[in-house]
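File shown: model.txt (compact mmCIF, C-alpha atoms).
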# COMPACT_ATOMS: atom_id res chain seq x y z
CA MET L 251 -28.66 2.23 27.08
CA ALA L 252 -29.01 2.88 23.39
CA GLU L 253 -32.29 1.97 21.73
CA LEU L 254 -32.29 -1.62 20.42
CA LEU L 255 -33.63 -2.44 16.98
CA SER L 256 -34.32 -5.87 15.62
CA ALA L 257 -34.16 -7.26 12.11
CA PRO L 258 -34.26 -10.75 10.65
CA ASP L 259 -30.74 -10.54 9.22
CA GLU L 260 -27.75 -8.24 8.69
CA ALA L 261 -28.82 -7.03 5.25
CA GLN L 262 -32.23 -5.96 6.50
CA ALA L 263 -30.70 -4.38 9.57
CA VAL L 264 -28.52 -2.22 7.30
CA GLU L 265 -31.60 -1.24 5.26
CA GLU L 266 -33.43 -0.31 8.46
CA LEU L 267 -30.52 1.91 9.54
CA HIS L 268 -30.54 3.60 6.11
CA LEU L 269 -34.31 4.15 6.35
CA ARG L 270 -33.97 5.73 9.77
CA GLY L 271 -31.33 8.15 8.48
CA CYS L 272 -28.71 6.68 10.80
CA THR L 273 -26.07 6.20 8.10
CA ASP L 274 -23.97 8.44 5.88
CA GLY L 275 -25.53 6.79 2.85
CA LEU L 276 -22.94 4.02 2.61
CA PRO L 277 -23.44 0.54 4.06
CA VAL L 278 -22.51 0.26 7.73
CA ILE L 279 -21.47 -2.56 10.02
CA VAL L 280 -24.54 -3.40 12.07
CA PRO L 281 -23.87 -2.32 15.66
CA THR L 282 -24.95 -5.51 17.36
CA ARG L 283 -24.80 -5.67 21.12
CA PRO L 284 -21.66 -7.89 21.24
CA ARG L 285 -19.79 -5.68 18.72
CA VAL L 286 -20.60 -2.53 20.65
CA ALA L 287 -19.69 -4.23 23.92
CA ARG L 288 -16.25 -5.11 22.56
CA MET L 289 -15.71 -1.56 21.38
CA ILE L 290 -16.67 -0.22 24.82
CA LEU L 291 -14.42 -2.74 26.52
CA ALA L 292 -11.53 -1.66 24.32
CA SER L 293 -12.03 1.96 25.36
CA GLY L 294 -11.39 0.97 28.96
CA MET L 295 -14.16 3.34 29.99
CA ASP L 296 -17.69 2.82 31.29
CA ALA L 297 -20.46 2.62 28.72
CA ASP L 298 -22.50 5.32 30.43
CA LEU L 299 -19.63 7.78 30.83
CA VAL L 300 -20.94 11.08 29.51
CA LEU L 301 -18.56 13.00 27.27
CA GLY L 302 -20.95 15.91 26.77
CA THR L 303 -23.79 17.07 24.58
CA MET L 304 -23.48 17.32 20.84
CA GLY L 305 -25.19 19.92 18.72
CA PRO L 306 -27.25 20.73 16.84
CA GLY L 307 -29.63 18.12 18.31
CA HIS L 308 -27.97 18.24 21.74
CA GLY L 309 -27.82 14.48 22.03
CA ILE L 310 -25.74 13.11 24.88
CA ALA L 311 -22.46 11.59 23.78
CA THR L 312 -21.65 8.59 25.94
CA ILE L 313 -18.92 6.01 25.45
CA GLU L 314 -21.65 3.60 24.41
CA ASN L 315 -23.14 5.65 21.61
CA VAL L 316 -19.69 6.70 20.40
CA ALA L 317 -18.87 2.97 20.31
CA VAL L 318 -22.01 2.41 18.23
CA ALA L 319 -20.75 4.93 15.68
CA ALA L 320 -17.27 3.37 15.72
CA VAL L 321 -18.72 -0.08 15.01
CA MET L 322 -20.96 1.27 12.23
CA ALA L 323 -17.99 3.05 10.64
CA GLY L 324 -15.89 -0.12 10.54
CA CYS L 325 -13.36 0.85 13.21
CA LEU L 326 -11.17 -1.70 14.92
CA PRO L 327 -11.39 -1.48 18.72
CA ASP L 328 -7.80 -0.16 18.67
CA TYR L 329 -9.07 3.06 17.10
CA MET L 330 -11.53 3.85 19.92
CA PRO L 331 -9.25 6.17 21.96
CA VAL L 332 -8.79 8.43 18.92
CA VAL L 333 -12.51 8.46 18.13
CA VAL L 334 -13.32 9.35 21.75
CA ALA L 335 -10.74 12.17 21.73
CA ALA L 336 -12.18 13.52 18.47
CA VAL L 337 -15.68 13.52 19.92
CA ARG L 338 -14.44 15.35 23.01
CA ALA L 339 -12.78 17.89 20.74
CA ILE L 340 -15.82 18.66 18.58
CA ILE L 341 -18.14 19.00 21.56
CA ASP L 342 -15.80 21.49 23.21
CA PRO L 343 -17.85 24.70 23.20
CA THR L 344 -15.05 26.62 21.50
CA PHE L 345 -15.44 24.39 18.44
CA ASP L 346 -18.93 25.86 17.78
CA LEU L 347 -20.25 22.59 16.40
CA THR L 348 -23.91 23.61 16.67
CA GLU L 349 -23.31 26.80 14.70
CA MET L 350 -21.12 24.92 12.26
CA GLN L 351 -23.96 22.53 11.47
CA ALA L 352 -26.34 25.42 11.00
CA THR L 353 -24.20 27.25 8.47
CA THR L 354 -24.74 27.00 4.73
CA HIS L 355 -20.94 26.93 4.34
CA CYS L 356 -19.38 23.54 3.54
CA THR L 357 -17.13 23.22 6.60
CA ALA L 358 -16.35 19.82 8.14
CA PRO L 359 -14.14 18.80 11.06
CA LEU L 360 -10.68 17.85 9.84
CA MET L 361 -8.93 15.50 12.30
CA ILE L 362 -5.16 15.74 12.65
CA VAL L 363 -3.57 13.02 14.79
CA ASN L 364 -0.16 13.41 16.42
CA GLY L 365 1.94 11.26 18.72
CA PRO L 366 2.23 7.51 19.36
CA ALA L 367 -1.51 6.89 18.80
CA ARG L 368 -0.80 7.32 15.09
CA GLN L 369 0.58 3.78 15.33
CA SER L 370 -1.09 2.27 18.39
CA CYS L 371 -4.57 3.37 17.27
CA GLY L 372 -3.95 2.78 13.60
CA PRO L 373 -1.72 2.94 11.72
CA ILE L 374 -3.22 6.28 10.73
CA ALA L 375 -1.71 7.23 7.39
CA SER L 376 0.26 10.44 6.96
CA GLY L 377 2.02 9.81 3.66
CA THR L 378 0.95 9.34 0.06
CA GLY L 379 -2.79 9.68 -0.37
CA ALA L 380 -3.41 9.99 3.38
CA LEU L 381 -6.68 11.86 2.78
CA GLY L 382 -7.77 9.51 0.02
CA PRO L 383 -9.19 6.00 -0.01
CA GLY L 384 -7.37 2.85 1.04
CA HIS L 385 -6.35 3.63 4.61
CA ARG L 386 -8.66 1.78 6.97
CA ALA L 387 -7.92 3.73 10.14
CA ASN L 388 -8.15 7.16 8.48
CA ALA L 389 -11.33 6.17 6.64
CA SER L 390 -13.15 4.59 9.55
CA ILE L 391 -12.04 6.96 12.34
CA GLY L 392 -13.14 10.01 10.35
CA ARG L 393 -16.34 8.25 9.38
CA ALA L 394 -17.05 7.31 13.01
CA LEU L 395 -16.82 10.99 13.97
CA ARG L 396 -19.29 11.87 11.20
CA LEU L 397 -21.67 9.11 12.35
CA THR L 398 -21.61 10.54 15.88
CA MET L 399 -22.55 13.90 14.34
CA ILE L 400 -25.44 12.23 12.52
CA ASN L 401 -26.74 9.97 15.30
CA ILE L 402 -25.80 11.83 18.48
CA GLY L 403 -25.77 15.38 17.12
CA LYS L 404 -28.76 14.65 14.86
CA ALA L 405 -27.28 16.44 11.87
CA ARG L 406 -29.40 15.76 8.80
CA PRO L 407 -28.90 17.46 5.44
CA GLY L 408 -31.29 20.31 4.76
CA VAL L 409 -32.84 20.13 8.22
CA SER L 410 -30.09 20.38 10.79
CA ASP L 411 -26.96 20.32 8.64
CA MET L 412 -27.50 23.23 6.32
CA ALA L 413 -24.39 23.06 4.12
CA LEU L 414 -25.51 24.10 0.65
CA LEU L 415 -23.38 21.50 -1.08
CA GLY L 416 -21.00 20.09 1.53
CA HIS L 417 -17.79 18.39 0.48
CA PRO L 418 -16.45 14.84 0.40
CA GLY L 419 -14.54 15.40 3.65
CA LYS L 420 -17.91 15.28 5.36
CA PHE L 421 -17.79 11.49 4.95
CA THR L 422 -14.38 11.16 6.55
CA TYR L 423 -11.54 13.67 7.03
CA CYS L 424 -8.74 12.25 9.11
CA LEU L 425 -4.97 12.10 8.74
CA ALA L 426 -1.86 11.92 10.86
CA GLU L 427 1.10 14.25 10.73
CA ASP L 428 4.19 12.76 9.08
CA GLU L 429 6.30 13.50 12.17
CA GLU L 430 9.12 11.14 11.19
CA ASN L 431 9.92 12.95 7.94
CA SER L 432 9.10 16.50 9.01
CA PRO L 433 11.93 18.92 9.73
CA PHE L 434 9.70 20.69 12.25
CA PRO L 435 8.65 19.62 15.75
CA PRO L 436 5.33 17.73 15.75
CA LEU L 437 2.29 20.00 15.60
CA HIS L 438 1.08 18.95 19.07
CA VAL L 439 4.45 19.84 20.62
CA ASP L 440 4.24 23.34 19.15
CA LEU L 441 0.71 23.52 20.54
CA GLY L 442 2.05 22.88 24.06
CA PHE L 443 1.66 19.12 24.49
CA LYS L 444 4.48 16.69 25.32
CA ALA L 445 6.07 14.73 22.49
CA GLN L 446 4.97 11.44 24.07
CA ASP L 447 1.35 12.61 24.25
CA SER L 448 -1.06 11.61 21.55
CA VAL L 449 -3.32 14.43 20.47
CA VAL L 450 -6.26 14.88 18.14
CA THR L 451 -6.64 18.37 16.73
CA VAL L 452 -9.92 19.19 15.03
CA VAL L 453 -10.50 22.23 12.88
CA GLY L 454 -13.43 23.16 10.70
CA ALA L 455 -12.17 22.96 7.15
CA GLU L 456 -13.16 23.26 3.54
CA ALA L 457 -12.04 20.56 1.14
CA PRO L 458 -8.30 20.65 0.44
CA HIS L 459 -7.13 23.14 -2.19
CA SER L 460 -4.02 22.19 -4.10
CA VAL L 461 -0.97 24.46 -4.24
CA ILE L 462 1.57 23.71 -6.96
CA TYR L 463 5.19 24.79 -6.51
CA ALA L 464 8.40 23.54 -8.07
CA GLY L 465 11.42 24.66 -6.11
CA ASP L 466 14.54 26.07 -7.67
CA ALA L 467 17.65 25.22 -5.69
CA ASP L 468 19.60 27.76 -7.78
CA ASP L 469 17.46 30.63 -6.48
CA SER L 470 17.86 31.11 -2.74
CA GLY L 471 14.85 33.42 -2.64
CA SER L 472 12.49 31.04 -4.36
CA TYR L 473 10.98 29.87 -1.03
CA LYS L 474 9.23 33.24 -0.95
CA ILE L 475 7.27 32.21 -4.02
CA LEU L 476 6.07 29.14 -2.15
CA LEU L 477 4.93 31.36 0.72
CA ASP L 478 3.16 33.66 -1.77
CA LEU L 479 1.38 30.75 -3.41
CA LEU L 480 0.30 29.19 -0.10
CA ALA L 481 -1.05 32.55 1.07
CA MET L 482 -2.95 33.10 -2.18
CA ALA L 483 -4.71 29.77 -1.74
CA LEU L 484 -5.21 30.17 2.00
CA ALA L 485 -6.97 33.52 1.78
CA ASN L 486 -8.10 33.57 -1.83
CA ALA L 487 -10.41 36.54 -2.34
CA PRO L 488 -13.74 34.64 -2.45
CA SER L 489 -12.88 32.59 0.66
CA ASN L 490 -14.48 33.24 4.02
CA ASN L 491 -10.97 33.64 5.41
CA ALA L 492 -10.41 36.68 3.20
CA ILE L 493 -13.91 38.11 3.47
CA LEU L 494 -15.15 37.29 6.96
CA THR L 495 -11.62 36.96 8.46
CA GLY L 496 -10.53 35.78 11.89
CA GLY L 497 -10.88 32.01 11.48
CA PHE L 498 -8.32 29.22 11.59
CA ALA L 499 -7.01 27.56 8.46
CA THR L 500 -4.78 24.60 7.75
CA VAL L 501 -1.66 24.18 5.63
CA VAL L 502 -0.52 20.65 4.81
CA LEU L 503 3.01 20.82 3.44
CA ASN L 504 4.43 17.99 1.39
CA PRO L 505 7.96 16.81 2.26
CA GLU L 506 9.65 18.87 -0.46
CA HIS L 507 7.85 22.08 0.41
CA SER L 508 8.63 21.57 4.11
CA ASP L 509 12.24 21.09 3.17
CA VAL L 510 12.35 24.26 1.05
CA LEU L 511 11.00 26.34 3.93
CA HIS L 512 13.18 24.60 6.50
CA ARG L 513 16.31 25.16 4.42
CA ALA L 514 15.39 28.83 4.18
CA GLY L 515 15.79 28.86 7.97
CA LEU L 516 12.10 29.12 8.82
CA SER L 517 10.49 27.45 11.83
CA ARG L 518 6.79 26.57 11.90
CA GLN L 519 6.14 29.85 13.72
CA ASP L 520 8.15 31.76 11.12
CA ILE L 521 6.15 30.19 8.30
CA ALA L 522 2.91 31.08 10.06
CA SER L 523 4.09 34.68 10.50
CA GLU L 524 5.16 34.93 6.86
CA LEU L 525 1.78 33.59 5.73
CA TYR L 526 -0.08 35.85 8.15
CA GLU L 527 1.64 38.91 6.64
CA ARG L 528 0.71 37.79 3.13
CA CYS L 529 -2.96 37.01 3.80
CA PHE L 530 -4.88 40.26 3.38
CA LEU L 531 -7.04 42.24 1.00
CA GLU L 532 -6.48 45.89 0.13
CA PRO L 533 -9.31 48.35 0.93
CA GLU L 534 -10.18 48.87 -2.74
CA THR L 535 -10.46 45.11 -3.25
CA VAL L 536 -12.65 44.82 -0.19
CA ARG L 537 -14.84 47.66 -1.44
CA ARG L 538 -15.12 46.28 -4.94
CA LEU L 539 -15.65 42.61 -4.15
CA MET L 540 -17.49 42.56 -0.89
CA SER L 541 -19.28 45.78 -0.18
CA ALA L 542 -22.04 43.80 1.54
CA PHE L 543 -19.58 42.74 4.24
CA ALA L 544 -17.17 45.65 4.38
CA GLY L 545 -19.04 48.77 5.45
CA LYS L 546 -18.39 52.25 4.08
CA ASN L 547 -14.73 52.78 4.81
CA PRO L 548 -12.97 49.49 4.57
CA LYS L 549 -9.36 49.17 5.71
CA ARG L 550 -6.78 46.63 4.71
CA GLN L 551 -8.28 43.39 5.89
CA MET L 552 -5.95 40.82 7.48
CA ALA L 553 -7.36 37.33 7.00
CA PHE L 554 -6.12 36.07 10.36
CA ARG L 555 -6.12 37.59 13.83
CA SER L 556 -2.64 36.18 14.45
CA PRO L 557 -0.18 33.68 12.97
CA ASP L 558 -1.41 31.16 15.56
CA GLN L 559 -4.59 30.77 13.53
CA ILE L 560 -2.65 29.03 10.77
CA LEU L 561 -2.13 25.33 11.53
CA ILE L 562 0.87 23.92 9.68
CA LEU L 563 1.72 20.25 9.39
CA GLN L 564 3.53 17.91 7.07
CA ALA L 565 1.70 15.08 5.34
CA GLY L 566 1.35 13.55 1.93
CA GLY L 567 3.73 12.17 -0.65
CA SER L 568 6.72 13.77 -2.22
CA GLY L 569 6.16 16.03 -5.22
CA LEU L 570 4.84 19.38 -6.38
CA TYR L 571 1.67 19.72 -4.34
CA SER L 572 0.85 20.93 -0.88
CA MET L 573 -2.71 21.50 0.31
CA VAL L 574 -4.47 24.25 2.16
CA MET L 575 -7.86 24.10 3.82
CA PRO L 576 -9.53 27.47 4.26
CA SER L 577 -12.38 27.61 6.75
CA TRP L 578 -15.71 29.07 7.70
CA CYS L 579 -14.63 31.87 10.08
CA ALA L 580 -17.96 32.31 11.83
CA GLY L 581 -19.61 31.10 15.03
CA THR L 582 -18.93 32.55 18.46
CA HIS L 583 -15.31 31.43 18.36
CA THR L 584 -14.82 32.09 14.64
CA ASN L 585 -13.77 28.61 13.70
CA SER L 586 -11.28 27.75 16.43
CA ALA L 587 -9.20 24.60 16.35
CA VAL L 588 -9.45 22.34 19.41
CA SER L 589 -6.79 19.86 20.52
CA VAL L 590 -7.56 17.00 22.91
CA LYS L 591 -5.16 14.46 24.39
CA VAL L 592 -5.90 10.83 23.49
CA GLU L 593 -6.46 8.80 26.65
CA ALA L 594 -4.68 5.73 25.38
CA ASP L 595 -3.70 4.56 28.89
CA MET L 596 -7.24 3.41 29.46
CA PHE L 597 -7.20 1.31 26.31
CA CYS L 598 -7.82 -2.36 26.93
CA GLU L 599 -6.28 -4.74 24.43
CA LEU L 600 -8.72 -7.46 23.45
CA PRO L 601 -7.77 -10.94 22.33
CA ASP L 602 -9.65 -12.36 19.35
CA LEU L 603 -10.82 -9.01 18.03
CA VAL L 604 -12.72 -10.32 15.05
CA SER L 605 -16.38 -10.67 15.90
CA MET J 243 7.20 5.16 -18.07
CA ARG J 244 4.30 5.03 -20.51
CA ASP J 245 6.34 7.00 -23.08
CA GLY J 246 9.16 4.47 -22.78
CA ILE J 247 6.72 1.60 -23.29
CA ASN J 248 5.02 3.24 -26.25
CA LEU J 249 8.37 3.85 -27.93
CA ALA J 250 9.53 0.32 -27.19
CA LYS J 251 6.31 -1.04 -28.70
CA ARG J 252 7.17 0.78 -31.91
CA GLY J 253 10.54 -0.88 -31.93
CA ILE J 254 12.41 2.27 -30.99
CA PRO J 255 15.09 1.69 -28.36
CA ALA J 256 13.91 3.44 -25.21
CA VAL J 257 14.76 3.65 -21.55
CA ALA J 258 12.48 5.27 -18.99
CA LEU J 259 13.94 7.49 -16.27
CA VAL J 260 11.96 6.99 -13.08
CA THR J 261 12.62 8.63 -9.73
CA GLU J 262 12.76 6.54 -6.59
CA ALA J 263 9.40 7.81 -5.37
CA PHE J 264 7.70 6.65 -8.57
CA TRP J 265 9.59 3.35 -8.95
CA SER J 266 6.77 1.08 -7.76
CA GLN J 267 4.29 2.99 -9.90
CA GLY J 268 6.67 2.39 -12.83
CA ASP J 269 6.56 -1.35 -12.12
CA PHE J 270 2.79 -1.21 -11.97
CA VAL J 271 2.49 0.62 -15.30
CA ALA J 272 5.01 -1.71 -16.96
CA GLN J 273 3.05 -4.73 -15.72
CA SER J 274 -0.32 -3.36 -16.68
CA LEU J 275 0.82 -2.47 -20.20
CA GLY J 276 2.27 -5.92 -20.71
CA MET J 277 5.96 -4.97 -20.76
CA PRO J 278 7.16 -5.78 -17.26
CA ASP J 279 10.81 -5.83 -18.35
CA VAL J 280 10.87 -2.56 -20.24
CA PRO J 281 14.21 -0.87 -19.46
CA ARG J 282 14.17 1.75 -16.76
CA ILE J 283 16.73 3.55 -14.66
CA LYS J 284 16.23 4.76 -11.14
CA LEU J 285 16.90 8.41 -10.37
CA PRO J 286 17.04 9.95 -6.93
CA HIS J 287 13.94 11.85 -5.87
CA PRO J 288 13.37 14.72 -6.33
CA VAL J 289 15.26 15.80 -9.43
CA ALA J 290 13.10 18.75 -10.50
CA GLY J 291 13.97 21.97 -8.76
CA THR J 292 17.21 20.69 -7.24
CA GLY J 293 19.41 23.05 -9.26
CA ILE J 294 21.54 22.78 -12.38
CA ALA J 295 24.66 21.52 -10.58
CA ARG J 296 22.74 18.68 -8.97
CA MET J 297 21.05 17.74 -12.24
CA ARG J 298 24.46 17.56 -13.90
CA VAL J 299 25.63 15.16 -11.19
CA VAL J 300 22.56 12.97 -11.69
CA ALA J 301 22.91 13.10 -15.49
CA GLU J 302 26.58 12.18 -15.38
CA ALA J 303 25.89 9.32 -13.01
CA ILE J 304 23.21 7.75 -15.17
CA ALA J 305 24.45 8.52 -18.70
CA PRO J 306 26.55 5.31 -19.01
CA GLU J 307 23.59 3.28 -17.77
CA VAL J 308 21.29 4.89 -20.32
CA ILE J 309 23.70 4.10 -23.11
CA ARG J 310 24.13 0.53 -21.88
CA ALA J 311 20.36 0.07 -21.77
CA LEU J 312 19.88 1.46 -25.26
CA GLU J 313 22.65 -0.71 -26.69
CA ALA J 314 21.44 -3.91 -25.04
CA LYS J 315 20.05 -6.33 -27.61
CA ASP J 316 17.49 -7.91 -25.30
CA GLY J 317 16.51 -4.70 -23.49
Can the structure in the file be given as structure tokens, please?
Amino acid sequence: MAELLSAPDEAQAVEELHLRGCTDGLPVIVPTRPRVARMILASGMDADLVLGTMGPGHGIATIENVAVAAVMAGCLPDYMPVVVAAVRAIIDPTFDLTEMQATTHCTAPLMIVNGPARQSCGPIASGTGALGPGHRANASIGRALRLTMINIGKARPGVSDMALLGHPGKFTYCLAEDEENSPFPPLHVDLGFKAQDSVVTVVGAEAPHSVIYAGDADDSGSYKILLDLLAMALANAPSNNAILTGGFATVVLNPEHSDVLHRAGLSRQDIASELYERCFLEPETVRRLMSAFAGKNPKRQMAFRSPDQILILQAGGSGLYSMVMPSWCAGTHTNSAVSVKVEADMFCELPDLVS
Amino acid sequence: MRDGINLAKRGIPAVALVTEAFWSQGDFVAQSLGMPDVPRIKLPHPVAGTGIARMRVVAEAIAPEVIRALEAKDG
């Protein structure tokens, strides 16, 4: 059982949670016993079910203490299956969460949700402003994951979360893929899951970097400019992807940019291959800009080990801008993405959810 | 949208061209600037980058509407 605190009223309970460093700095919903119980019940799993240990503090993630975080973050019980899947994903050893928290780099887990849970555990926004404010499920699911990292993983700034500056995605960083409007198969299907599965993919990510491109339908080769621009942002010279190499990175295409690449006859794999080929630094650049990392005889440095390290999805509104999220590229598994199926079958629908 | 409103406020006949994707934002701006009925014409989205031939089609389709809006006494 989680430790129980007492306070004379809600406002003082929130202050107590702030004082104990249990929040992200914003007000939280007080995780009272009945609220947590409802969240657990909604998960359809036992409170004491152990999901694993979470670094860097190696706290034990149980359904109960994940439910505590979900309540604090303002989640509806419907969101629980996605939160649980995200926790399982970040505690997968290949995600290198402990190392990620120890780095001075700004990386944060970006959550990408695919499949029917986008609706049944949401709606989780995938369109205009999906990574911005105003979408309850995106905001609270991403925040719940961060609160597990604070209260189960014991990540505290300057002590056990060593990011020099961090980025706003460390509060919440969750979106769904816009599968309905994408010309490509859903990301999880290309990753080997079934279309009817719901999947959370987590990947360590910097804040989104904007990529501006205006297509020109009169120039059939203009899609190559889009690929060039995406690659420049993805492995820009001062990024860890360009310098340290070998980590995953994420490309979020807007509907127009997806369409430009699709009409050029490219599949998701083709786009990844085209970007892979464009993401490198020449030896003289490596020598000039990063002699501390490069050794005496640098070669051409490919930013990625393979095209598979570039996650591509469609989200956001229609217009000029796509986004890329470079990454950290260190840790034992050099910033691997991890995908976990959402166990929505266990979900237990609760009547009278407001408590 | 804002340009159309600013021109209209100066008494210069104006009609804003707004693509479908920005239509509700256009309504919002028109409301917030106190000219909810300022003339506007809906364009398909996107227009930019769709090629000269396509732009000609769009322009030809809306030109009569633009003229009508500019000639309207109460618009």
- Within 7 Å of chain L, which residues of chain J show up when using only C-alpha atoms, listed as number ranges by chain? J: 291-293
- Item | Shortest interatomic distance to Ile304 in chain J - which of J:Leu259, J:Gln267, J:Val289, J:Met277, counting all atoms listed in the file |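 Residue with the minimum atom-to-atom distance to Ile304 in chain J: J:Leu259.
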- Query: Any idea what the distance is between CA of His287 in chain J and CA of Ala314 in chain J?
  - Reply: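 Atom-to-atom, CA of His287 in chain J and CA of Ala314 in chain J are spaced 25.9 Å apart.
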Give me, as a compact mmCIF listing (two decimals) with C-alpha atoms, in the coordinates of the input, all polymer residues having an atom no more than 10 Å from Lys420 in chain L, counting all atoms listed in the file and skipping those fewer than 4 positions away in the same chain.
# COMPACT_ATOMS: atom_id res chain seq x y z
CA ASP L 274 -23.97 8.44 5.88
CA CYS L 356 -19.38 23.54 3.54
CA THR L 357 -17.13 23.22 6.60
CA ALA L 358 -16.35 19.82 8.14
CA PRO L 359 -14.14 18.80 11.06
CA LEU L 360 -10.68 17.85 9.84
CA GLY L 392 -13.14 10.01 10.35
CA ARG L 393 -16.34 8.25 9.38
CA LEU L 395 -16.82 10.99 13.97
CA ARG L 396 -19.29 11.87 11.20
CA GLY L 416 -21.00 20.09 1.53
CA ALA L 455 -12.17 22.96 7.15
CA GLU L 456 -13.16 23.26 3.54
CA ALA L 457 -12.04 20.56 1.14
- Could you check how far CA of His438 in chain L sits from CA of Leu291 in chain L, in Å to one decimal? 27.7 Å
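Taking only C-alpha atoms into account, Val260 in chain J lies nearest to J:Leu285 out of the set J:Ile247, J:Leu285, J:Ala305, J:Leu275.
With all atoms listed in the file taken into account, the protein and nucleic acid residues at most 10 Å from Leu511 in chain L (excluding it and anything under 6 positions from it in its own chain) are Pro433, Ser472, Tyr473, Lys474, Leu476, Leu477, Leu503, Ser517, Arg518, Asp520 and Ile521 of chain L.
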- If you measure from CA of Val502 in chain L to CA of Asp328 in chain L, what distance in Å do you get, rounded to one decimal? 26.0 Å
- One residue among J:Ala272, J:Ile283, J:Ala303, J:Glu313 is nearest to Lys251 in chain J when using all atoms listed in the file, and that residue is J:Ala272
